[in-house]
file coords22.txt (compact mmCIF, C-alpha atoms and all ligand atoms)
# COMPACT_ATOMS: atom_id res chain seq x y z
CA MET A 185 161.41 92.36 130.50
CA GLU A 186 164.43 94.65 129.99
CA LEU A 187 165.33 95.83 126.51
CA GLU A 188 168.67 94.24 125.60
CA ALA A 189 168.93 94.51 121.82
CA VAL A 190 167.77 96.71 118.97
CA ILE A 191 167.41 95.03 115.58
CA PHE A 192 167.50 97.33 112.56
CA ASP A 193 166.10 96.81 109.10
CA VAL A 194 168.36 98.46 106.49
CA ASP A 195 166.59 99.55 103.30
CA GLY A 196 164.23 102.40 104.03
CA THR A 197 165.09 102.36 107.76
CA LEU A 198 168.81 103.08 108.16
CA ALA A 199 168.82 104.94 104.85
CA ASP A 200 166.55 105.86 101.98
CA THR A 201 168.23 103.37 99.68
CA GLU A 202 165.48 102.34 97.32
CA ARG A 203 164.46 105.05 94.84
CA ASP A 204 167.88 106.59 94.20
CA GLY A 205 170.10 103.67 95.26
CA HIS A 206 168.85 100.19 94.41
CA ARG A 207 166.54 101.33 91.58
CA PRO A 208 169.22 102.97 89.39
CA ALA A 209 171.56 100.06 90.14
CA PHE A 210 168.97 97.61 88.80
CA ASN A 211 168.48 99.78 85.69
CA ALA A 212 172.23 99.99 85.07
CA ALA A 213 172.49 96.19 85.30
CA PHE A 214 169.59 95.70 82.87
CA ALA A 215 171.27 98.02 80.36
CA GLU A 216 174.61 96.22 80.76
CA VAL A 217 173.14 92.86 79.79
CA GLY A 218 171.13 94.34 76.91
CA LEU A 219 167.66 94.17 78.46
CA ASP A 220 165.33 97.03 77.53
CA TRP A 221 163.76 97.02 81.00
CA HIS A 222 163.57 100.29 82.90
CA TRP A 223 162.10 100.65 86.39
CA ASN A 224 160.80 104.17 86.95
CA ASP A 225 160.17 105.33 90.50
CA VAL A 226 156.42 104.62 90.44
CA LEU A 227 156.82 101.10 89.05
CA TYR A 228 159.64 100.49 91.51
CA GLY A 229 157.34 101.44 94.40
CA GLU A 230 154.96 98.70 93.26
CA LEU A 231 157.78 96.19 92.83
CA LEU A 232 158.91 96.79 96.42
CA ALA A 233 156.01 94.55 97.46
CA ILE A 234 158.40 91.76 96.46
CA THR A 235 161.38 91.74 98.82
CA GLY A 236 164.78 90.61 97.59
CA GLY A 237 166.42 91.78 94.39
CA LYS A 238 166.52 88.42 92.59
CA GLU A 239 162.92 87.74 93.58
CA ARG A 240 161.94 91.24 92.34
CA ILE A 241 163.59 90.64 88.95
CA ARG A 242 161.75 87.33 88.60
CA ALA A 243 158.40 88.84 89.60
CA PHE A 244 158.84 91.70 87.11
CA ALA A 245 159.71 89.30 84.28
CA GLN A 246 156.67 87.15 85.06
CA LEU A 247 154.43 90.17 84.43
CA HIS A 248 156.29 92.10 81.73
CA ASP A 249 158.66 89.74 79.91
CA PRO A 250 157.59 86.11 80.35
CA ASP A 251 159.82 85.07 77.40
CA PHE A 252 162.84 86.03 79.48
CA LEU A 253 161.85 83.43 82.07
CA ALA A 254 161.54 80.74 79.37
CA ARG A 255 165.19 81.16 78.33
CA PRO A 256 167.55 78.29 79.15
CA GLY A 257 169.80 79.17 82.09
CA VAL A 258 167.47 81.89 83.30
CA GLU A 259 168.34 81.38 86.99
CA ASP A 260 172.03 81.98 86.19
CA ALA A 261 171.02 85.03 84.17
CA ILE A 262 169.08 86.43 87.15
CA ARG A 263 172.05 85.80 89.46
CA ASP A 264 174.36 87.54 86.97
CA ILE A 265 172.08 90.59 86.63
CA HIS A 266 171.79 90.78 90.39
CA ALA A 267 175.56 90.55 90.91
CA ARG A 268 176.01 93.41 88.42
CA LYS A 269 173.32 95.38 90.23
CA THR A 270 175.14 94.87 93.53
CA ARG A 271 178.39 96.19 91.98
CA HIS A 272 176.61 99.34 90.78
CA TYR A 273 174.99 99.83 94.17
CA LEU A 274 178.29 99.39 96.02
CA ALA A 275 179.97 101.91 93.72
CA GLN A 276 177.28 104.42 94.60
CA LEU A 277 177.80 103.77 98.32
CA GLU A 278 181.56 104.15 98.02
CA GLY A 279 181.04 107.48 96.29
CA GLY A 280 179.15 108.70 99.37
CA GLY A 281 175.87 108.79 97.45
CA ILE A 282 173.60 107.24 100.09
CA PRO A 283 173.46 108.98 103.50
CA LEU A 284 171.86 107.58 106.65
CA ARG A 285 168.44 108.88 107.66
CA PRO A 286 168.35 111.71 110.22
CA GLY A 287 168.91 110.52 113.77
CA ILE A 288 170.25 107.06 112.88
CA ALA A 289 173.91 107.78 113.64
CA ARG A 290 172.91 109.55 116.85
CA LEU A 291 170.74 106.64 118.02
CA LEU A 292 173.36 104.02 117.15
CA ALA A 293 176.02 105.92 119.09
CA GLU A 294 173.79 106.23 122.15
CA ALA A 295 172.67 102.61 122.01
CA ARG A 296 176.31 101.45 121.89
CA GLN A 297 177.30 103.76 124.69
CA ARG A 298 174.48 102.43 126.86
CA GLY A 299 175.41 98.83 126.24
CA LEU A 300 172.53 97.66 124.06
CA HIS A 301 173.26 94.87 121.62
CA LEU A 302 172.83 95.89 117.98
CA ALA A 303 171.77 93.65 115.11
CA ILE A 304 170.58 93.81 111.52
CA ALA A 305 167.71 91.89 109.90
CA THR A 306 167.38 92.63 106.20
CA THR A 307 166.54 91.01 102.90
CA THR A 308 169.28 92.87 101.05
CA THR A 309 172.70 91.45 100.23
CA ALA A 310 175.23 91.44 103.12
CA ASP A 311 177.86 93.39 101.11
CA ASN A 312 175.32 96.22 100.71
CA VAL A 313 174.82 96.43 104.46
CA ILE A 314 178.53 96.46 105.22
CA GLY A 315 179.12 99.04 102.47
CA LEU A 316 176.38 101.33 103.78
CA LEU A 317 177.66 101.17 107.37
CA ARG A 318 181.32 101.68 106.45
CA ALA A 319 180.62 104.50 103.97
CA ASN A 320 178.63 106.45 106.54
CA LEU A 321 180.00 105.50 109.94
CA GLY A 322 183.61 104.48 109.37
CA PRO A 323 185.60 101.40 108.40
CA ASN A 324 184.80 99.42 111.56
CA ALA A 325 181.10 100.23 111.80
CA ASP A 326 179.82 96.82 110.69
CA GLY A 327 181.62 95.45 113.77
CA TRP A 328 179.25 97.43 116.00
CA PHE A 329 176.55 94.92 115.08
CA GLU A 330 176.76 91.61 116.90
CA VAL A 331 174.66 89.86 114.27
CA ILE A 332 174.05 90.80 110.65
CA GLY A 333 171.25 88.73 109.14
CA ALA A 334 171.06 89.50 105.43
CA GLY A 335 169.90 88.26 102.05
CA ASP A 336 169.84 84.58 101.24
CA VAL A 337 170.79 83.23 104.71
CA VAL A 338 167.11 82.28 105.02
CA ALA A 339 165.03 80.72 102.26
CA SER A 340 161.91 82.83 102.88
CA LYS A 341 162.46 86.59 102.93
CA LYS A 342 160.26 89.19 104.62
CA PRO A 343 157.28 89.27 105.22
CA ALA A 344 158.22 85.82 106.57
CA PRO A 345 159.66 86.09 110.11
CA ASP A 346 162.60 83.77 109.27
CA ILE A 347 165.33 86.44 109.18
CA TYR A 348 164.29 87.64 112.66
CA HIS A 349 164.32 84.07 113.99
CA TRP A 350 167.79 83.67 112.48
CA VAL A 351 169.02 86.85 114.18
CA LEU A 352 167.43 86.03 117.57
CA GLU A 353 169.05 82.62 117.59
CA ARG A 354 172.49 84.15 117.03
CA LEU A 355 171.92 86.91 119.57
CA GLU A 356 170.89 84.15 121.99
CA LEU A 357 167.96 86.31 123.07
CA GLY A 358 164.23 85.80 123.12
CA PRO A 359 161.98 88.18 121.17
CA GLY A 360 160.83 89.82 124.42
CA ALA A 361 164.32 91.26 125.03
CA CYS A 362 164.42 92.99 121.63
CA LEU A 363 162.93 95.89 119.74
CA ALA A 364 162.88 96.11 115.93
CA LEU A 365 162.98 99.19 113.69
CA GLU A 366 161.30 98.72 110.32
CA ASP A 367 160.01 100.95 107.52
CA SER A 368 157.48 98.83 105.65
CA ALA A 369 154.44 96.63 106.07
CA ASN A 370 156.46 93.63 104.85
CA GLY A 371 159.15 94.34 107.42
CA LEU A 372 156.60 94.85 110.20
CA ALA A 373 154.91 91.55 109.36
CA ALA A 374 158.30 89.84 109.65
CA SER A 375 159.27 91.35 113.02
CA LEU A 376 155.80 90.95 114.55
CA GLY A 377 155.72 87.40 113.19
CA ALA A 378 158.78 86.74 115.33
CA GLY A 379 157.07 88.32 118.35
CA ILE A 380 159.26 91.46 118.49
CA VAL A 381 157.90 94.87 119.56
CA THR A 382 158.38 97.13 116.54
CA VAL A 383 158.74 100.83 115.83
CA VAL A 384 158.07 101.88 112.23
CA LEU A 385 159.93 104.72 110.54
CA VAL A 386 158.03 105.48 107.33
CA ASN A 387 159.47 106.86 104.09
CA GLU A 388 157.93 108.17 100.89
CA TYR A 389 157.35 104.66 99.53
CA THR A 390 155.76 103.27 102.68
CA ARG A 391 153.95 106.19 104.33
CA ASN A 392 150.49 105.05 103.19
CA GLN A 393 150.87 101.43 104.21
CA ALA A 394 149.00 99.98 107.22
CA PHE A 395 151.07 99.49 110.37
CA SER A 396 148.65 97.86 112.74
CA GLY A 397 150.55 96.23 115.61
CA ALA A 398 153.48 98.70 115.58
CA VAL A 399 154.06 100.33 118.97
CA ALA A 400 154.84 103.66 117.26
CA VAL A 401 154.97 105.04 113.72
CA LEU A 402 157.20 108.02 112.87
CA PHE A 403 158.40 110.06 109.95
CA ASP A 404 161.87 110.32 111.45
CA LEU A 405 163.88 109.90 114.64
CA GLY A 406 164.62 113.60 115.05
CA GLU A 407 167.88 115.45 115.39
CA ALA A 408 169.03 118.27 117.67
CA GLY A 409 166.84 121.29 116.87
CA LYS A 410 164.55 119.18 114.65
CA PRO A 411 162.11 117.12 116.75
CA CYS A 412 160.88 113.73 115.59
CA ARG A 413 157.52 113.63 113.82
CA VAL A 414 155.23 111.00 115.33
CA LEU A 415 152.33 109.64 113.26
CA ALA A 416 151.01 107.14 115.80
CA GLY A 417 151.97 106.10 119.31
CA ASP A 418 152.93 108.17 122.31
CA ALA A 419 156.29 109.92 122.44
CA GLY A 420 155.40 111.78 125.65
CA GLU A 421 157.68 114.75 126.18
CA HIS A 422 160.49 113.26 124.11
CA GLY A 423 161.49 115.47 121.20
CA LEU A 424 163.92 112.88 119.87
CA VAL A 425 163.76 109.12 119.59
CA ASP A 426 166.49 108.11 122.01
CA VAL A 427 167.25 104.99 124.03
CA ASP A 428 164.93 106.05 126.87
CA LEU A 429 162.03 106.37 124.44
CA LEU A 430 162.86 103.01 122.84
CA ARG A 431 162.86 101.47 126.32
CA ARG A 432 159.48 103.06 127.04
CA TRP A 433 157.99 101.79 123.77
CA HIS A 434 159.48 98.37 124.36
CA HIS A 435 157.82 98.27 127.76
CA LEU A 436 154.46 99.50 126.39
CA GLY A 437 154.56 97.09 123.47
CA SER A 438 155.30 94.18 125.76
CA ILE A 439 152.09 94.64 127.75
CA PRO A 440 149.51 92.26 126.25
CA ALA A 441 146.65 93.98 124.38
CA SER A 442 147.94 97.49 124.95
CA GLY A 443 150.95 97.40 122.65
CA GLY A 444 150.10 98.34 119.11
CA CYS A 445 148.73 101.32 117.22
CA ASN A 446 145.71 100.62 115.03
C1 LIG A 501 164.75 95.39 101.09
C2 LIG A 501 164.71 94.62 99.85
C3 LIG A 501 165.93 94.47 99.05
C4 LIG A 501 166.43 95.72 98.38
C5 LIG A 501 167.44 95.38 97.32
O1 LIG A 501 163.67 95.01 101.94
O2 LIG A 501 163.70 94.07 99.50
O3 LIG A 501 165.66 93.53 98.05
O4 LIG A 501 165.36 96.37 97.75
O5 LIG A 501 168.49 94.61 97.81
P1 LIG A 501 163.72 95.16 103.53
P2 LIG A 501 168.99 93.28 97.03
O6 LIG A 501 164.09 96.57 103.81
O7 LIG A 501 162.33 94.85 103.97
O8 LIG A 501 164.72 94.17 104.07
O9 LIG A 501 168.95 93.57 95.58
O10 LIG A 501 170.39 93.04 97.55
O11 LIG A 501 168.03 92.18 97.40
MG MG A 502 162.99 98.06 104.74
call {"tool": "encode", "arguments": {"input": "coords22.txt", "output": "structure tokens"}}
result
Amino acid sequence: MELEAVIFDVDGTLADTERDGHRPAFNAAFAEVGLDWHWNDVLYGELLAITGGKERIRAFAQLHDPDFLARPGVEDAIRDIHARKTRHYLAQLEGGGIPLRPGIARLLAEARQRGLHLAIATTTTADNVIGLLRANLGPNADGWFEVIGAGDVVASKKPAPDIYHWVLERLELGPGACLALEDSANGLAASLGAGIVTVVLVNEYTRNQAFSGAVAVLFDLGEAGKPCRVLAGDAGEHGLVDVDLLRRWHHLGSIPASGGCN
């Protein structure tokens, strides 16, 4: 089946947003509401096992501050902290503080030019996605994506496949016509759970995770003069991850029993 659409995860895939983007925004929100919580980068790496900011706050409190969860109105308090966190994160984006990963802008431009549909499947808040795209690619860049599936539009976040099902339905495509780009084991479980061939782009937080079932695993997509670094899978003679290579991986990954890396 022909590749018709590429579905991108956001955090960790389009940009390295977590350690120096979301994490300080959470900490600023905690300080604002008078909580003495502080998430250092090691702890934050562990907390990333829980996708979704509100879910991550709740999971942290369960372990480290159970009294917080016993307060009356705690769900409103979590929503308030998370809304503050989103404001801090957006301010950082607007200040140009979070660049895209190498090769992302190049690949998006080529994919558009060659008529592929683009979509987003992420657990983060929609405003964060739009802010990231506009800050880095221009004021209309969110319009390049036919479908943006984000945050609470589904009840079960990654590793559940629900966000991918939501996106596929709106793209009006079957999983076989799509390829997903993810950065984490949770994200890979979600895309594979929806039956989508997936390329993984690792980052410092996810590089030691297991990516069985991915058609390829890379450190980066590569830029002119700086070839992509492939950890698993076959990039052939391609020095950069471009649309031709995505098409090749999509084809390979679609062949039963020959698709994934182990
Ligand atoms: C990303 C997330 C998000 C972000 C924070 O996971 O889990 O929660 O860390 O964003 P993925 P919010 O890349 O797998 O989609 O605070 O807006 O949830
Ligand atoms: Mg991710």
call {"tool": "closest_residue", "arguments": {"input": "coords22.txt", "among": "A:Gly315, A:Gly358, A:Pro323, A:Gly287", "to": "Ala408 (chain A)", "atoms": "all atoms listed in the file"}}
result
A:Gly287
call {"tool": "closest_residue", "arguments": {"input": "coords22.txt", "among": "A:Ile439, A:Ala369, A:Ala254, A:Ile191", "to": "Gln393 (chain A)", "atoms": "only C-alpha atoms"}}
result
A:Ala369
call {"tool": "atom_distance", "arguments": {"input": "coords22.txt", "atom1": "CA of Glu353 (chain A)", "atom2": "CA of Glu330 (chain A)"}}
result
11.9 Å
call {"tool": "closest_residue", "arguments": {"input": "coords22.txt", "among": "A:Leu274, A:Val386, A:Leu363, A:Val194", "to": "Leu429 (chain A)", "atoms": "all atoms listed in the file"}}
result
A:Leu363
call {"tool": "closest_residue", "arguments": {"input": "coords22.txt", "among": "A:Ala361, A:Ala339, A:Met185, A:Ala374", "to": "ligand MG 502 (chain A)", "atoms": "all atoms listed in the file"}}
result
A:Ala374
call {"tool": "closest_residue", "arguments": {"input": "coords22.txt", "among": "A:Glu278, A:Asp225, A:Asp204, A:Asp220", "to": "Phe252 (chain A)", "atoms": "all atoms listed in the file"}}
result
A:Asp220
call {"tool": "residues_near_ligand", "arguments": {"input": "coords22.txt", "ligand": "ligand MG 502 (chain A)", "cutoff": "7 Å", "atoms": "all atoms listed in the file", "output": "MDAnalysis selection string"}}
result
chainID A and resid 193:197 366:368 371
call {"tool": "closest_residue", "arguments": {"input": "coords22.txt", "among": "A:Val258, A:Leu292, A:Ala212, A:Ala305", "to": "ligand LIG 501 (chain A)", "atoms": "all atoms listed in the file"}}
result
A:Ala305
call {"tool": "closest_atom_pairs", "arguments": {"input": "coords22.txt", "of": "chain A", "to": "ligand LIG 501 (chain A)", "cutoff": "7 Å", "atoms": "all atoms listed in the file", "output": "tab-separated table"}}
result
residue	atom	partner	partner_atom	distance
A:Asp193	CA	A:LIG501	O6	5.7
A:Val194	CA	A:LIG501	O6	5.4
A:Asp195	CA	A:LIG501	O6	3.9
A:Gly196	CA	A:LIG501	O6	5.8
A:Glu202	CA	A:LIG501	O4	6.0
A:His206	CA	A:LIG501	C5	5.8
A:Leu232	CA	A:LIG501	O2	6.3
A:Ile234	CA	A:LIG501	O2	6.5
A:Thr235	CA	A:LIG501	O2	3.4
A:Gly236	CA	A:LIG501	O3	3.1
A:Gly237	CA	A:LIG501	O9	3.3
A:Lys238	CA	A:LIG501	O11	6.3
A:His266	CA	A:LIG501	O9	6.5
A:Thr270	CA	A:LIG501	O10	6.5
A:Ala305	CA	A:LIG501	O8	6.9
A:Thr306	CA	A:LIG501	O8	3.7
A:Thr307	CA	A:LIG501	O8	3.8
A:Thr308	CA	A:LIG501	O10	3.7
A:Thr309	CA	A:LIG501	O10	3.9
A:Asn312	CA	A:LIG501	O10	6.7
A:Gly335	CA	A:LIG501	O11	6.4
A:Lys342	CA	A:LIG501	O7	6.1
A:Ser368	CA	A:LIG501	O7	6.5
A:Asn370	CA	A:LIG501	O7	6.1
A:Gly371	CA	A:LIG501	O7	4.7
call {"tool": "residues_around", "arguments": {"input": "coords22.txt", "residues": "Val425 (chain A)", "least_positions_apart": "3", "cutoff": "10 Å", "atoms": "all atoms listed in the file", "output": "MDAnalysis selection string"}}
result
chainID A and resid 287:288 290:291 402 404:407 411:414 419 422 428:430
call {"tool": "atom_distance", "arguments": {"input": "coords22.txt", "atom1": "CA of Leu357 (chain A)", "atom2": "CA of Ala293 (chain A)"}}
result
21.6 Å
call {"tool": "residues_near_point", "arguments": {"input": "coords22.txt", "point": "(167.5, 96.9, 84.7)", "cutoff": "9 Å", "atoms": "all atoms listed in the file", "output": "list in words"}}
result
Arg207, Pro208, Ala209, Phe210, Asn211, Ala212, Ala213, Phe214, Ala215, Glu216, Val217, Gly218, Leu219, Asp220, Trp221, His222, Trp223, Ile241, Ile265 and Lys269 of chain A
call {"tool": "residues_around", "arguments": {"input": "coords22.txt", "residues": "Val401 (chain A)", "least_positions_apart": "6", "cutoff": "8 Å", "atoms": "only C-alpha atoms", "output": "list in words"}}
result
Val383, Val384, Leu385, Val386, Phe395, Val414, Leu415, Ala416 and Gly417 of chain A
call {"tool": "atom_distance", "arguments": {"input": "coords22.txt", "atom1": "CA of Arg285 (chain A)", "atom2": "CA of Val427 (chain A)"}}
result
16.9 Å
call {"tool": "residues_around", "arguments": {"input": "coords22.txt", "residues": "Thr382 (chain A)", "least_positions_apart": "2", "cutoff": "9 Å", "atoms": "all atoms listed in the file", "output": "list in words"}}
result
Cys362, Leu363, Ala364, Leu365, Glu366, Leu372, Ser375, Leu376, Ile380, Val384, Gly397, Ala398, Val399, Ala400, Trp433, His434, Gly437 and Gly444 of chain A
call {"tool": "axis_aligned_box", "arguments": {"input": "coords22.txt", "around": "region 208-214 of chain A", "padding_each_side": "5 Å", "output": "AutoDock Vina command-line options"}}
result
--center_x 170.5 --center_y 99.3 --center_z 86.5 --size_x 14.0 --size_y 17.3 --size_z 17.3
